[in-house]
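Listing of target_5.cif; format and content: mmCIF, C-alpha atoms.
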data_model
loop_
_atom_site.label_atom_id
_atom_site.label_comp_id
_atom_site.auth_asym_id
_atom_site.auth_seq_id
_atom_site.Cartn_x
_atom_site.Cartn_y
_atom_site.Cartn_z
CA MET A 1320 -96.84 -51.33 15.60
CA LYS A 1321 -93.79 -49.07 16.14
CA ASP A 1322 -93.06 -45.37 16.47
CA ILE A 1323 -96.49 -44.33 17.69
CA ASN A 1324 -96.81 -40.69 18.70
CA ALA A 1325 -99.15 -41.23 21.68
CA ASN A 1326 -99.00 -41.21 25.46
CA MET A 1327 -97.25 -44.35 26.66
CA LYS A 1328 -99.06 -44.31 30.04
CA ASP A 1329 -102.48 -44.33 28.38
CA LEU A 1330 -101.42 -47.09 25.99
CA THR A 1331 -100.25 -49.29 28.88
CA ALA A 1332 -103.61 -48.83 30.65
CA VAL A 1333 -105.52 -49.76 27.48
CA CYS A 1334 -103.35 -52.86 26.91
CA ASP A 1335 -103.88 -53.84 30.54
CA SER A 1336 -107.66 -53.63 30.07
CA ILE A 1337 -107.73 -56.14 27.15
CA ARG A 1338 -105.06 -58.58 28.35
CA TYR A 1339 -106.21 -62.20 29.01
CA LYS A 1340 -109.63 -61.51 27.45
CA SER A 1341 -111.29 -63.04 24.40
CA ILE A 1342 -111.04 -61.04 21.18
CA SER A 1343 -114.79 -60.37 21.07
CA LEU A 1344 -114.76 -59.01 24.64
CA ALA A 1345 -111.58 -56.99 24.00
CA ILE A 1346 -113.11 -55.29 20.93
CA LYS A 1347 -116.29 -54.64 22.92
CA THR A 1348 -114.34 -52.87 25.68
CA LEU A 1349 -112.34 -50.82 23.16
CA ASP A 1350 -115.52 -49.76 21.34
CA SER A 1351 -117.09 -48.64 24.63
CA VAL A 1352 -113.97 -46.54 25.36
CA ILE A 1353 -113.98 -45.01 21.86
CA ASP A 1354 -117.68 -44.10 22.24
CA ASP A 1355 -116.84 -42.56 25.68
CA LYS A 1356 -119.27 -44.86 27.50
CA GLN A 1357 -117.03 -47.01 29.72
CA PRO A 1358 -113.80 -45.78 31.38
CA ILE A 1359 -110.61 -47.84 31.76
CA LEU A 1360 -109.01 -48.60 35.10
CA TYR A 1361 -105.66 -46.87 35.80
CA ARG A 1362 -103.67 -48.86 38.34
CA ARG A 1363 -100.63 -46.57 37.96
CA HIS A 1364 -100.07 -42.97 36.85
CA ASN A 1365 -103.46 -41.97 38.32
CA LYS A 1366 -102.48 -38.96 40.44
CA TYR A 1367 -105.13 -36.18 40.47
CA MET A 1368 -107.45 -38.48 38.49
CA GLY A 1369 -111.14 -38.66 39.33
CA ALA A 1370 -112.87 -41.73 40.74
CA ARG A 1371 -115.48 -43.33 38.50
CA HIS A 1372 -118.66 -45.00 39.73
CA GLU A 1373 -118.57 -47.34 36.70
CA LEU A 1374 -115.34 -48.83 38.10
CA GLY A 1375 -116.69 -49.14 41.63
CA GLY A 1376 -115.09 -45.92 42.92
CA ARG A 1377 -111.66 -46.62 41.44
CA LYS A 1378 -109.69 -44.16 39.29
CA GLY A 1379 -109.91 -44.17 35.51
CA ARG A 1380 -110.79 -42.31 32.30
CA THR A 1381 -111.45 -42.86 28.57
CA PRO A 1382 -108.30 -42.44 26.37
CA ILE A 1383 -110.05 -42.42 22.96
CA LYS A 1384 -106.95 -41.87 20.80
CA CYS A 1385 -104.99 -44.73 22.40
CA ALA A 1386 -108.01 -47.06 22.27
CA LYS A 1387 -108.29 -46.50 18.51
CA ILE A 1388 -104.58 -47.32 18.02
CA VAL A 1389 -104.80 -50.51 20.12
CA LYS A 1390 -107.93 -51.59 18.26
CA LYS A 1391 -106.10 -51.20 14.95
CA VAL A 1392 -103.28 -53.48 16.19
CA LEU A 1393 -105.80 -56.01 17.52
CA VAL A 1394 -107.61 -56.14 14.16
CA ASN A 1395 -104.26 -56.87 12.48
CA ALA A 1396 -103.66 -59.70 14.96
CA MET A 1397 -107.11 -61.10 14.14
CA ALA A 1398 -106.29 -60.99 10.43
CA ASN A 1399 -103.06 -62.94 11.09
CA ALA A 1400 -105.02 -65.52 13.09
CA GLU A 1401 -107.55 -65.86 10.28
CA ASN A 1402 -104.70 -66.35 7.79
CA LYS A 1403 -103.39 -69.22 9.92
CA SER A 1404 -106.86 -70.87 9.80
CA PHE A 1405 -107.74 -70.86 13.51
CA PHE A 1406 -110.02 -67.85 13.59
CA ASP A 1407 -112.85 -68.01 16.16
CA ALA A 1408 -113.54 -64.87 18.19
CA ASP A 1409 -114.82 -66.79 21.24
CA GLN A 1410 -111.92 -69.27 21.41
CA ILE A 1411 -109.01 -66.91 20.68
CA TYR A 1412 -107.66 -64.92 23.64
CA VAL A 1413 -105.25 -61.99 23.99
CA VAL A 1414 -102.28 -63.67 25.65
CA HIS A 1415 -99.86 -60.75 25.48
CA ALA A 1416 -100.50 -56.99 25.28
CA ALA A 1417 -97.88 -54.39 26.17
CA ALA A 1418 -96.73 -50.86 25.31
CA ASN A 1419 -93.09 -49.79 25.64
CA LYS A 1420 -91.00 -46.72 24.93
CA THR A 1421 -88.83 -46.94 21.79
CA LEU A 1422 -87.41 -43.54 20.90
CA ILE A 1423 -87.10 -40.18 22.64
CA ALA A 1424 -86.57 -37.29 20.21
CA LYS A 1425 -84.99 -34.44 22.17
CA ARG A 1426 -86.28 -31.03 21.27
CA GLY A 1427 -84.61 -27.78 22.34
CA PRO A 1428 -86.34 -24.44 22.64
CA PRO A 1429 -86.37 -22.11 19.63
CA LYS A 1430 -84.25 -18.96 19.51
CA GLY A 1431 -85.53 -16.29 21.87
CA ALA A 1432 -87.67 -18.72 23.94
CA LEU A 1433 -88.63 -17.82 27.47
CA PHE A 1434 -86.61 -19.30 30.33
CA ALA A 1435 -88.18 -21.01 33.33
CA GLY A 1436 -87.83 -19.05 36.60
CA GLY A 1437 -86.08 -20.12 39.77
CA ALA A 1438 -82.53 -20.20 41.13
CA ASN A 1439 -81.17 -22.02 38.05
CA PRO A 1440 -83.19 -20.81 35.03
CA ARG A 1441 -83.41 -23.31 32.17
CA PRO A 1442 -85.06 -23.04 28.76
CA ARG A 1443 -88.42 -24.72 28.36
CA SER A 1444 -88.30 -27.93 26.31
CA SER A 1445 -90.58 -30.90 25.59
CA ASN A 1446 -89.23 -34.13 24.14
CA LEU A 1447 -91.13 -36.40 21.75
CA GLU A 1448 -91.57 -39.93 23.10
CA PHE A 1449 -92.48 -42.72 20.68
CA THR A 1450 -93.88 -46.09 21.75
CA LYS A 1451 -94.50 -49.54 20.32
CA ILE A 1452 -97.40 -51.93 20.94
CA GLU A 1453 -97.16 -55.71 21.04
CA ILE A 1454 -100.26 -57.95 21.01
CA GLY A 1455 -100.10 -61.75 21.09
CA VAL A 1456 -103.11 -63.96 20.32
CA SER A 1457 -103.55 -67.68 20.97
CA LEU A 1458 -106.05 -70.51 21.37
CA LEU A 1459 -106.81 -72.06 24.76
CA ASP A 1460 -105.90 -75.49 23.36
CA ASN A 1461 -102.36 -74.35 22.66
CA LYS A 1462 -99.96 -76.56 24.65
CA SER A 1463 -97.21 -73.94 24.70
CA LEU A 1464 -99.26 -71.72 27.05
CA ASN A 1465 -98.12 -71.59 30.68
CA LYS A 1466 -100.35 -72.63 33.57
CA SER A 1467 -100.16 -69.10 34.97
CA ILE A 1468 -101.54 -67.65 31.72
CA MET A 1469 -104.38 -70.19 31.71
CA SER A 1470 -105.30 -69.36 35.30
CA LYS A 1471 -105.24 -65.61 34.54
CA ILE A 1472 -107.51 -66.12 31.51
CA LYS A 1473 -110.03 -68.04 33.65
CA PHE A 1474 -109.88 -65.36 36.33
CA LYS A 1475 -110.53 -62.63 33.74
CA MET A 1476 -113.51 -64.58 32.37
CA LYS A 1477 -115.08 -64.76 35.85
CA GLU A 1478 -114.32 -61.07 36.46
CA ALA A 1479 -115.98 -60.12 33.16
CA GLU A 1480 -119.14 -62.05 34.10
CA LYS A 1481 -119.30 -60.29 37.48
CA GLU A 1482 -118.80 -56.89 35.83
CA GLU A 1483 -121.63 -57.52 33.37
CA LYS A 1484 -123.96 -58.46 36.22
CA ARG A 1485 -122.96 -55.32 38.13
CA ARG A 1486 -123.58 -53.11 35.09
CA LYS A 1487 -127.00 -54.65 34.54
CA GLY A 1488 -127.82 -54.01 38.19
CA MET A 1489 -126.63 -50.40 37.91
CA LYS A 1490 -128.72 -49.76 34.81
CA GLY A 1491 -131.86 -51.35 36.27
CA ILE A 1492 -135.24 -50.22 35.02
CA LYS A 1493 -136.08 -46.80 33.59
CA SER A 1494 -137.88 -44.27 35.80
CA ASP A 1495 -141.14 -44.38 33.78
CA GLU A 1496 -141.26 -48.17 33.92
CA LYS A 1497 -140.51 -48.05 37.65
CA LYS A 1498 -143.45 -45.68 38.24
CA GLU A 1499 -145.79 -47.94 36.28
CA LEU A 1500 -144.66 -50.99 38.26
CA ILE A 1501 -145.21 -49.16 41.57
CA LYS A 1502 -148.74 -48.16 40.47
CA LYS A 1503 -149.53 -51.75 39.47
CA LYS A 1504 -148.25 -53.03 42.82
CA LYS A 1505 -150.44 -50.55 44.70
CA ILE A 1506 -153.53 -51.57 42.69
CA ILE A 1507 -152.82 -55.26 43.28
CA THR A 1508 -152.37 -54.73 47.03
CA LYS A 1509 -155.65 -52.79 47.22
CA GLU A 1510 -157.49 -55.56 45.37
CA THR A 1511 -155.97 -58.40 47.39
CA LYS A 1512 -156.21 -56.64 50.77
CA PRO A 1513 -159.35 -57.97 52.59
CA ASN A 1514 -161.89 -55.67 54.24
CA VAL A 1515 -162.07 -55.90 58.03
CA ALA A 1516 -165.88 -56.07 57.97
CA ASP A 1517 -165.89 -59.10 55.65
CA VAL A 1518 -163.22 -61.08 57.50
CA LYS A 1519 -164.18 -62.98 60.64
CA VAL A 1520 -162.56 -61.97 63.89
CA SER A 1521 -161.23 -65.48 64.50
CA GLU A 1522 -159.31 -65.42 61.17
CA LEU A 1523 -157.44 -62.22 62.03
CA PRO A 1524 -154.32 -61.96 64.22
CA VAL A 1525 -154.50 -60.44 67.72
CA LYS A 1526 -153.81 -56.81 66.72
CA GLU A 1527 -156.27 -56.95 63.81
CA GLU A 1528 -158.89 -58.57 66.08
CA SER A 1529 -158.72 -55.63 68.49
CA ARG A 1530 -159.00 -53.17 65.57
CA ALA A 1531 -162.03 -55.03 64.16
CA ILE A 1532 -163.73 -55.04 67.56
CA GLU A 1533 -163.16 -51.30 67.94
CA GLU A 1534 -164.55 -50.66 64.46
CA LYS A 1535 -167.62 -52.73 65.32
CA LYS A 1536 -168.11 -50.78 68.55
CA GLN A 1537 -167.87 -47.39 66.87
CA PRO A 1538 -171.28 -47.41 65.12
CA SER A 1539 -173.06 -48.41 68.39
CA ILE A 1540 -171.34 -45.51 70.16
CA MET A 1541 -172.45 -43.17 67.39
CA LYS A 1542 -176.04 -44.37 67.80
CA GLU A 1543 -175.91 -43.83 71.55
CA MET A 1544 -174.63 -40.28 71.18
CA PRO A 1545 -178.02 -38.60 70.27
CA ASP A 1546 -179.77 -40.23 73.29
CA ALA A 1547 -177.08 -38.91 75.58
CA LYS A 1548 -177.56 -35.43 74.14
CA GLU A 1549 -181.36 -35.60 74.69
CA ASN A 1550 -180.86 -36.69 78.31
CA LYS A 1551 -178.50 -33.79 78.90
CA ASP A 1552 -181.03 -31.33 77.39
CA ASN A 1553 -183.86 -32.69 79.59
CA LYS A 1554 -181.70 -32.42 82.70
CA THR A 1555 -180.81 -28.81 81.97
CA ALA A 1556 -184.49 -27.89 81.32
CA GLN A 1557 -185.63 -29.54 84.57
CA SER A 1558 -182.91 -27.79 86.57
CA LYS A 1559 -184.04 -24.45 85.12
CA LYS A 1560 -187.66 -25.16 86.13
CA ASP A 1561 -186.62 -26.09 89.68
CA GLN A 1562 -184.61 -22.91 89.97
CA LYS A 1563 -187.61 -20.81 88.84
CA THR A 1564 -189.89 -22.41 91.44
CA THR A 1565 -187.38 -21.85 94.23
CA ASN A 1566 -186.99 -18.20 93.21
CA ALA A 1567 -190.80 -17.74 93.24
CA ASN A 1568 -191.08 -19.28 96.73
CA VAL A 1569 -188.33 -16.99 98.07
CA ASN A 1570 -190.03 -13.90 96.66
CA ALA A 1571 -193.38 -14.88 98.21
CA ALA A 1572 -191.75 -15.37 101.62
CA LYS A 1573 -190.08 -11.95 101.36
CA LYS A 1574 -193.47 -10.32 100.61
CA ASP A 1575 -195.06 -12.00 103.63
CA VAL A 1576 -192.30 -10.73 105.88
CA LEU A 1577 -192.65 -7.16 104.55
CA THR A 1578 -196.42 -7.11 105.05
CA ALA A 1579 -196.05 -8.40 108.59
CA ASP A 1580 -193.56 -5.63 109.39
CA ALA A 1581 -195.86 -2.97 107.90
CA ASN A 1582 -198.82 -4.11 110.02
CA ALA A 1583 -196.70 -4.01 113.16
CA ASP A 1584 -195.59 -0.45 112.44
CA ALA A 1585 -199.20 0.63 111.84
CA LYS A 1586 -200.33 -0.73 115.20
#

For this file, produce the structure as structure tokens.
Amino acid sequence: MKDINANMKDLTAVCDSIRYKSISLAIKTLDSVIDDKQPILYRRHNKYMGARHELGGRKGRTPIKCAKIVKKVLVNAMANAENKSFFDADQIYVVHAAANKTLIAKRGPPKGALFAGGANPRPRSSNLEFTKIEIGVSLLDNKSLNKSIMSKIKFKMKEAEKEEKRRKGMKGIKSDEKKELIKKKKIITKETKPNVADVKVSELPVKEESRAIEEKKQPSIMKEMPDAKENKDNKTAQSKKDQKTTNANVNAAKKDVLTADANADAK
């Protein structure tokens, strides 16, 4: 396809994303870009571009217009392959995909246009750049293919498998399903977890043995607690009685001393 009015840098990135892939996988990637679901990696011309977590922290974006154009060219290539009677989406691979500049239409500013500032003011102008796209398709059984192309195709196949696994891992399970699974796990652990009272001490490990012994001791301690309280109460009552008797004896002795003193004074 020639004389395309689109950004050549975006077209090169899109062509780079489908090169050495099977046609089915290439169409899948282009559809994901058109639907704005999966970004494309930009190896060059990525200044001031944001990093994407879908690409593992590398820079990229979704050029929808360019993806539509490349898909149109790829569909034409598929039609040519079908016409030559070797159409099979899983066996045909994109051997060549490139975007190049063809024509630059120079455009000058209109009359009375503003001039750019600076030491040497120049009129503002923007040229039209047209590009062309080339896509080559071939079977793996083709003997004219180079060894380097075959190795790159195999490498891309492995890379695609790894990427699919990574995406599945990123998606994971939904939050509601995760909550349900966690609840089920908790219920199962509660059911399977043995009670310390039922399990013998010999079957438990050392730490659990000590805990079981402490738990067995606790009820006996609780039973002994009321007796200890009664003993304390009895002791306090007896001490009070003893104190009363000693006070009474002291008072009686004081009275005897006073009476003896009074009698002596009288005499």

**OP:** Just give me the residues with any atom within 12 Å of (-105.0, -70.7, 27.2), file coordinates, counting all atoms listed in the file, written as a PyMOL selection string.
**Re:** chain A and resi 1339-1341+1410-1415+1455-1476

**OP:** Using the chain letters and numbers from the file, give me the residues hit by the PyMOL selection byres ((chain A and resi 1388) around 10), as a ChimeraX atom specification.
**Re:** /A:1320,1323,1325,1330,1333,1349,1383-1387,1389-1393,1452

**OP:** Would you translate the PyMOL selection byres ((chain A and resi 1448) around 7) into the concrete set of residues it matches in this file, as a count of residues only?
**Re:** 8

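The result of the PyMOL selection byres ((chain A and resi 1364) around 12) on the shown file is Asn1326, Met1327, Lys1328, Asp1329, Leu1330, Thr1331, Ala1332, Leu1360, Tyr1361, Arg1362, Arg1363, Asn1365, Lys1366, Tyr1367, Met1368, Lys1378, Gly1379 and Arg1380 of chain A.
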
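Shortest atom-to-atom contact with Pro1382 of chain A among A:Ser1336, A:Thr1421, A:Asn1570, A:Ser1444: A:Ser1336, counting only C-alpha atoms.
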
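The spacing separating atom CA of Ala1583 of chain A from atom CA of Ala1571 of chain A amounts to 18.8 Å.
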
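Take the candidates A:Asp1322, A:Asp1561, A:Asp1409, A:Gly1375 and check each one against Ile1346 of chain A using only C-alpha atoms; the shortest distance goes to A:Asp1409.
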
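Atom CA of Lys1451 of chain A lies 28.0 Å from atom CA of Glu1478 of chain A.
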
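One distance worth recording is that between atom CA of Ser1351 of chain A and atom CA of Thr1381 of chain A, which is 9.0 Å.
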